[in-house]
Amino acid sequence: MFKFQAEQKVFQIGNVTIGGQPGEYPTVLMGSIFYSKDRIVKDHVRGEFDRKAAEELLNKEAELSEKTGIPRIIDVIGETPEALCRYIDFIADYTDSPFLIDSTSPKARIKALKHVEEVGLVDRAVYNSIDENIKKDEIEALKASKIKNVVILLFSTKYLMPKDRLKMLESNEKNLIKIAEDAGLEKILIDPGVLDVPSISWTTDIIYRIKQELGYPAGCAPANALYMWLRKKKLTTPQFEACGANIIALPIVMGADFIIYGPIKNASWVYPACAAINAMIAYYARTLGITPKTRKHPLYKIF
């Protein structure tokens with residue numbers, strides 16, 4: 001356990017604070033809802049879903065967030081522009097949490113970007129994401145918007161090794177931080193990306209390097225890799241949850257500020273695991289002169 005040398009950037013996104021030295025602010029958890037195989041979705045094109053089931057999932061996560069002291073940002077995933085905008089409206093009306101604008105479709109992200117501005121949600125919205133494949137129309141849409149919050153996805157087959165990955169933030173050819181800043185984005189979160197479960201060790205190393213050298217809030221999304229492993233090895237309860245907790249804990253120990261943990265239905269075991277590791281980190285951080293910046297920190301909540 002350690003203290004980063006670079007000055008750490010701390011951002012306020014809606015009602016959530018993210019960033020800082022290990023032990024200052026708890027890791028932010030981002031659970032996904034309305035994803036492609038989410039059973040609560042009835043029509044992925046139109047964005048029709050079981051409202052009662054969605055409310056139950058969100059309520060459970062909110063209770064766990066309050067109980068453990070771990071803040072949340074909701075990962076809202078939509079496959080079409082219509083669906084994504086409909087999901088965002090529901091999340092914004094039903095919760096006061098920040099949310100990710102998340103889709104594999106650039107058209108859906110751009111439409112949702114315009115929509116959150118029209119309905120006054122830019123302070124709570126986080127654009128997910130800018131990566132090496134971003135096109136001119138998406139950059140122009142970001143420039144035209146008032147949104148300030150973004151995730152940079154730092155994953156490339158060209159730069160796989162940890163020591164090379166930061167080149168995507170430094171290259172004159174495609175400096176992703178410069179792209180974000182030129183588009184008016186100010187609150188930048190960096191996700192180095194995950195290839196498979198073993199590669200989370202590389203991702204963790206990159207998270208450490210980002211915070212040590214640049215000070216930006218950094219984190220990752222290990223969920224896809226975990227589920228690939230689950231399907232391949234047919235992991236069952238409690239092996240799945242035990243392995244998942246360790247996969248989430250490793251980046252947090254090395255300073256991760258956020259974890260996109262996959263389906264929101266997993267909140268019941270993800271939040272306690274995240275709270276426990278955060279509390280231990282904060283307890284040790286006091287020996288380095290670092291104390292939690294909030295009384296809602298897991299150190300005070302779960303012990």
# chains A, B, ... in the order shown; residues from 1 in each chain; ligands from 1

call {"tool": "select_by_dssp", "arguments": {"residues": "segment 91-300 of chain A", "states": "alpha helix (DSSP H)", "output": "PyMOL selection string"}}
result
chain A and resi 91-94+106-118+136-144+162-165+176-182+200-213+223-233+239-253+267-285+298-300

call {"tool": "closest_atom_pairs", "arguments": {"of": "segment 83-162 of chain A", "to": "segment 205-216 of chain A", "cutoff": "12 Å", "atoms": "only C-alpha atoms", "output": "tab-separated table"}}
result
residue	atom	partner	partner_atom	distance
A:Val150	CA	A:Tyr216	CA	11.8
A:Val151	CA	A:Tyr216	CA	10.9
A:Ile152	CA	A:Tyr216	CA	10.7
A:Leu153	CA	A:Ile207	CA	11.9
A:Leu154	CA	A:Ile206	CA	9.5
A:Phe155	CA	A:Ile206	CA	10.7
A:Tyr159	CA	A:Ile206	CA	11.5
A:Leu160	CA	A:Ile206	CA	10.4
A:Met161	CA	A:Ile206	CA	9.0
A:Pro162	CA	A:Ile206	CA	5.5

call {"tool": "write_last_selection", "arguments": {"atoms": "all heavy atoms", "output": "PDB file, in the first residue's frame"}}
result
ATOM      1  N   VAL A 150     -16.217  12.195 -19.049  1.00  0.00           N
ATOM      2  CA  VAL A 150     -15.944  11.192 -20.079  1.00  0.00           C
ATOM      3  C   VAL A 150     -15.044  10.084 -19.546  1.00  0.00           C
ATOM      4  O   VAL A 150     -14.227  10.300 -18.642  1.00  0.00           O
ATOM      5  CB  VAL A 150     -15.278  11.854 -21.311  1.00  0.00           C
ATOM      6  CG1 VAL A 150     -13.871  12.353 -20.963  1.00  0.00           C
ATOM      7  CG2 VAL A 150     -15.231  10.924 -22.511  1.00  0.00           C
ATOM      8  N   VAL A 151     -15.207   8.899 -20.126  1.00  0.00           N
ATOM      9  CA  VAL A 151     -14.269   7.790 -19.918  1.00  0.00           C
ATOM     10  C   VAL A 151     -13.415   7.661 -21.175  1.00  0.00           C
ATOM     11  O   VAL A 151     -13.942   7.648 -22.293  1.00  0.00           O
ATOM     12  CB  VAL A 151     -15.000   6.460 -19.664  1.00  0.00           C
ATOM     13  CG1 VAL A 151     -13.980   5.314 -19.556  1.00  0.00           C
ATOM     14  CG2 VAL A 151     -15.847   6.528 -18.397  1.00  0.00           C
ATOM     15  N   ILE A 152     -12.104   7.594 -20.996  1.00  0.00           N
ATOM     16  CA  ILE A 152     -11.192   7.272 -22.094  1.00  0.00           C
ATOM     17  C   ILE A 152     -10.859   5.787 -21.990  1.00  0.00           C
ATOM     18  O   ILE A 152     -10.383   5.318 -20.956  1.00  0.00           O
ATOM     19  CB  ILE A 152      -9.901   8.106 -22.021  1.00  0.00           C
ATOM     20  CG1 ILE A 152     -10.183   9.557 -22.418  1.00  0.00           C
ATOM     21  CG2 ILE A 152      -8.830   7.517 -22.928  1.00  0.00           C
ATOM     22  CD1 ILE A 152      -8.969  10.460 -22.339  1.00  0.00           C
ATOM     23  N   LEU A 153     -11.138   5.056 -23.069  1.00  0.00           N
ATOM     24  CA  LEU A 153     -10.797   3.631 -23.120  1.00  0.00           C
ATOM     25  C   LEU A 153      -9.428   3.487 -23.749  1.00  0.00           C
ATOM     26  O   LEU A 153      -9.236   3.756 -24.934  1.00  0.00           O
ATOM     27  CB  LEU A 153     -11.838   2.860 -23.927  1.00  0.00           C
ATOM     28  CG  LEU A 153     -11.604   1.352 -24.052  1.00  0.00           C
ATOM     29  CD1 LEU A 153     -11.572   0.686 -22.680  1.00  0.00           C
ATOM     30  CD2 LEU A 153     -12.669   0.709 -24.938  1.00  0.00           C
ATOM     31  N   LEU A 154      -8.484   3.039 -22.930  1.00  0.00           N
ATOM     32  CA  LEU A 154      -7.077   3.021 -23.327  1.00  0.00           C
ATOM     33  C   LEU A 154      -6.663   1.621 -23.783  1.00  0.00           C
ATOM     34  O   LEU A 154      -5.673   1.074 -23.323  1.00  0.00           O
ATOM     35  CB  LEU A 154      -6.227   3.461 -22.130  1.00  0.00           C
ATOM     36  CG  LEU A 154      -4.843   4.047 -22.410  1.00  0.00           C
ATOM     37  CD1 LEU A 154      -4.952   5.344 -23.159  1.00  0.00           C
ATOM     38  CD2 LEU A 154      -4.100   4.257 -21.095  1.00  0.00           C
ATOM     39  N   PHE A 155      -7.444   1.059 -24.699  1.00  0.00           N
ATOM     40  CA  PHE A 155      -7.147  -0.304 -25.136  1.00  0.00           C
ATOM     41  C   PHE A 155      -6.859  -0.319 -26.626  1.00  0.00           C
ATOM     42  O   PHE A 155      -7.583   0.278 -27.422  1.00  0.00           O
ATOM     43  CB  PHE A 155      -8.311  -1.242 -24.838  1.00  0.00           C
ATOM     44  CG  PHE A 155      -8.004  -2.683 -25.154  1.00  0.00           C
ATOM     45  CD1 PHE A 155      -7.265  -3.445 -24.268  1.00  0.00           C
ATOM     46  CD2 PHE A 155      -8.415  -3.250 -26.345  1.00  0.00           C
ATOM     47  CE1 PHE A 155      -6.958  -4.772 -24.559  1.00  0.00           C
ATOM     48  CE2 PHE A 155      -8.115  -4.570 -26.648  1.00  0.00           C
ATOM     49  CZ  PHE A 155      -7.392  -5.329 -25.752  1.00  0.00           C
ATOM     50  N   TYR A 159      -0.909  -1.395 -28.737  1.00  0.00           N
ATOM     51  CA  TYR A 159      -0.207  -1.133 -27.478  1.00  0.00           C
ATOM     52  C   TYR A 159      -0.771  -2.040 -26.380  1.00  0.00           C
ATOM     53  O   TYR A 159      -1.586  -1.621 -25.563  1.00  0.00           O
ATOM     54  CB  TYR A 159      -0.379   0.331 -27.052  1.00  0.00           C
ATOM     55  CG  TYR A 159       0.143   1.339 -28.038  1.00  0.00           C
ATOM     56  CD1 TYR A 159      -0.727   2.168 -28.737  1.00  0.00           C
ATOM     57  CD2 TYR A 159       1.509   1.479 -28.273  1.00  0.00           C
ATOM     58  CE1 TYR A 159      -0.256   3.102 -29.640  1.00  0.00           C
ATOM     59  CE2 TYR A 159       1.988   2.413 -29.178  1.00  0.00           C
ATOM     60  CZ  TYR A 159       1.109   3.225 -29.856  1.00  0.00           C
ATOM     61  OH  TYR A 159       1.580   4.143 -30.755  1.00  0.00           O
ATOM     62  N   LEU A 160      -0.351  -3.287 -26.368  1.00  0.00           N
ATOM     63  CA  LEU A 160      -0.886  -4.232 -25.391  1.00  0.00           C
ATOM     64  C   LEU A 160      -0.105  -4.228 -24.078  1.00  0.00           C
ATOM     65  O   LEU A 160      -0.685  -4.328 -23.005  1.00  0.00           O
ATOM     66  CB  LEU A 160      -0.901  -5.655 -25.968  1.00  0.00           C
ATOM     67  CG  LEU A 160      -2.060  -5.998 -26.908  1.00  0.00           C
ATOM     68  CD1 LEU A 160      -1.880  -7.408 -27.445  1.00  0.00           C
ATOM     69  CD2 LEU A 160      -3.400  -5.867 -26.200  1.00  0.00           C
ATOM     70  N   MET A 161       1.215  -4.101 -24.157  1.00  0.00           N
ATOM     71  CA  MET A 161       2.037  -4.187 -22.960  1.00  0.00           C
ATOM     72  C   MET A 161       1.814  -2.970 -22.062  1.00  0.00           C
ATOM     73  O   MET A 161       1.624  -1.848 -22.551  1.00  0.00           O
ATOM     74  CB  MET A 161       3.515  -4.276 -23.335  1.00  0.00           C
ATOM     75  CG  MET A 161       3.864  -5.522 -24.116  1.00  0.00           C
ATOM     76  SD  MET A 161       3.568  -7.044 -23.164  1.00  0.00           S
ATOM     77  CE  MET A 161       4.839  -6.886 -21.903  1.00  0.00           C
ATOM     78  N   PRO A 162       1.848  -3.177 -20.753  1.00  0.00           N
ATOM     79  CA  PRO A 162       1.623  -2.057 -19.826  1.00  0.00           C
ATOM     80  C   PRO A 162       2.530  -0.860 -20.083  1.00  0.00           C
ATOM     81  O   PRO A 162       2.077   0.279 -20.055  1.00  0.00           O
ATOM     82  CB  PRO A 162       1.896  -2.692 -18.458  1.00  0.00           C
ATOM     83  CG  PRO A 162       1.562  -4.124 -18.635  1.00  0.00           C
ATOM     84  CD  PRO A 162       1.978  -4.458 -20.037  1.00  0.00           C
TER      85      PRO A 162
END

call {"tool": "select_by_dssp", "arguments": {"residues": "segment 69-272 of chain A", "states": "strand (DSSP E or B)", "output": "PyMOL selection string"}}
result
chain A and resi 72+74-77+99-102+125-130+149-153+187-191+218-220+258-263

call {"tool": "closest_residue", "arguments": {"among": "A:Thr157, A:Thr291, A:Ser32, A:Thr80", "to": "Ala221 of chain A", "atoms": "only C-alpha atoms"}}
result
A:Ser32

call {"tool": "closest_residue", "arguments": {"among": "A:Ser97, A:Thr27, A:Thr237, A:Thr104", "to": "Ile252 of chain A", "atoms": "only C-alpha atoms"}}
result
A:Thr27

call {"tool": "residues_around", "arguments": {"residues": "Tyr127 of chain A", "least_positions_apart": "3", "cutoff": "10 Å", "atoms": "only C-alpha atoms", "output": "tab-separated table (two decimals) with N, CA and C atoms, in the first residue's frame"}}
result
chain	number	residue	atom	x	y	z
A	99	PHE	N	-24.75	8.56	-14.29
A	99	PHE	CA	-24.89	7.39	-15.16
A	99	PHE	C	-23.94	7.48	-16.34
A	100	LEU	N	-23.58	6.32	-16.88
A	100	LEU	CA	-22.77	6.25	-18.09
A	100	LEU	C	-23.69	6.23	-19.31
A	101	ILE	N	-23.34	7.01	-20.33
A	101	ILE	CA	-23.96	6.89	-21.65
A	101	ILE	C	-23.17	5.81	-22.37
A	102	ASP	N	-23.74	4.61	-22.47
A	102	ASP	CA	-22.96	3.45	-22.92
A	102	ASP	C	-23.69	2.71	-24.04
A	103	SER	N	-22.98	2.49	-25.13
A	103	SER	CA	-23.52	1.73	-26.25
A	103	SER	C	-22.39	1.34	-27.18
A	109	ARG	N	-24.90	6.66	-28.98
A	109	ARG	CA	-24.20	7.53	-28.02
A	109	ARG	C	-24.39	9.00	-28.40
A	110	ILE	N	-24.27	9.32	-29.68
A	110	ILE	CA	-24.41	10.70	-30.12
A	110	ILE	C	-25.83	11.22	-29.88
A	112	ALA	N	-27.94	10.09	-27.63
A	112	ALA	CA	-28.12	10.22	-26.18
A	112	ALA	C	-27.39	11.45	-25.65
A	113	LEU	N	-26.25	11.76	-26.24
A	113	LEU	CA	-25.49	12.95	-25.86
A	113	LEU	C	-26.34	14.21	-26.05
A	122	VAL	N	-26.70	16.90	-18.16
A	122	VAL	CA	-25.27	16.81	-18.49
A	122	VAL	C	-24.39	16.67	-17.26
A	130	ILE	N	-14.38	7.51	-25.20
A	130	ILE	CA	-13.48	7.91	-26.29
A	130	ILE	C	-12.39	6.84	-26.39
A	142	LEU	N	-19.35	15.80	-29.52
A	142	LEU	CA	-18.86	16.10	-28.17
A	142	LEU	C	-18.50	17.59	-28.05
A	147	ILE	N	-21.44	18.58	-22.27
A	147	ILE	CA	-21.00	17.53	-21.35
A	147	ILE	C	-19.53	17.71	-20.99
A	148	LYS	N	-19.18	17.41	-19.74
A	148	LYS	CA	-17.81	17.59	-19.25
A	148	LYS	C	-17.18	16.28	-18.76
A	149	ASN	N	-17.98	15.23	-18.66
A	149	ASN	CA	-17.53	13.98	-18.04
A	149	ASN	C	-17.35	12.88	-19.09
A	150	VAL	N	-16.22	12.20	-19.05
A	150	VAL	CA	-15.94	11.19	-20.08
A	150	VAL	C	-15.04	10.08	-19.55
A	151	VAL	N	-15.21	8.90	-20.13
A	151	VAL	CA	-14.27	7.79	-19.92
A	151	VAL	C	-13.42	7.66	-21.17
A	152	ILE	N	-12.10	7.59	-21.00
A	152	ILE	CA	-11.19	7.27	-22.09
A	152	ILE	C	-10.86	5.79	-21.99
A	185	LEU	N	-14.12	18.45	-22.81
A	185	LEU	CA	-14.31	17.51	-21.70
A	185	LEU	C	-13.25	17.78	-20.63
A	188	ILE	N	-12.02	13.67	-16.70
A	188	ILE	CA	-11.60	12.53	-17.50
A	188	ILE	C	-11.28	11.33	-16.60
A	189	LEU	N	-11.97	10.22	-16.87
A	189	LEU	CA	-11.70	8.94	-16.21
A	189	LEU	C	-11.04	8.03	-17.23

call {"tool": "closest_atom_pairs", "arguments": {"of": "segment 8-70 of chain A", "to": "segment 259-281 of chain A", "cutoff": "6 Å", "atoms": "only C-alpha atoms", "output": "tab-separated table"}}
result
residue	atom	partner	partner_atom	distance
A:Gly23	CA	A:Ile281	CA	5.7
A:Leu29	CA	A:Ile259	CA	5.1
A:Met30	CA	A:Ile260	CA	4.5
A:Gly31	CA	A:Ile264	CA	4.5
A:Ser32	CA	A:Pro263	CA	4.7
A:Glu61	CA	A:Ala267	CA	5.9
A:Thr68	CA	A:Ala275	CA	5.9

call {"tool": "write_last_selection", "arguments": {"atoms": "C-alpha atoms", "output": "short mmCIF file (atom, residue, chain, number, x, y, z; two decimals), in the first residue's frame"}}
result
data_model
loop_
_atom_site.label_atom_id
_atom_site.label_comp_id
_atom_site.auth_asym_id
_atom_site.auth_seq_id
_atom_site.Cartn_x
_atom_site.Cartn_y
_atom_site.Cartn_z
CA GLY A 23 -7.89 5.77 1.35
CA LEU A 29 -18.91 0.91 -8.49
CA MET A 30 -20.66 0.95 -11.86
CA GLY A 31 -23.25 -1.77 -12.40
CA SER A 32 -24.69 -2.40 -15.85
CA GLU A 61 -28.05 -1.55 -5.24
CA THR A 68 -21.40 -0.08 2.71
#

call {"tool": "closest_residue", "arguments": {"among": "A:Pro217, A:Pro251, A:Gly120, A:Gly244", "to": "Gln12 of chain A", "atoms": "only C-alpha atoms"}}
result
A:Pro217

call {"tool": "closest_residue", "arguments": {"among": "A:Asp93, A:Phe11, A:Lys146, A:Glu24", "to": "Tyr284 of chain A", "atoms": "only C-alpha atoms"}}
result
A:Glu24

call {"tool": "atom_distance", "arguments": {"atom1": "atom CA of Thr17 of chain A", "atom2": "atom CA of Ile190 of chain A"}}
result
15.2 Å
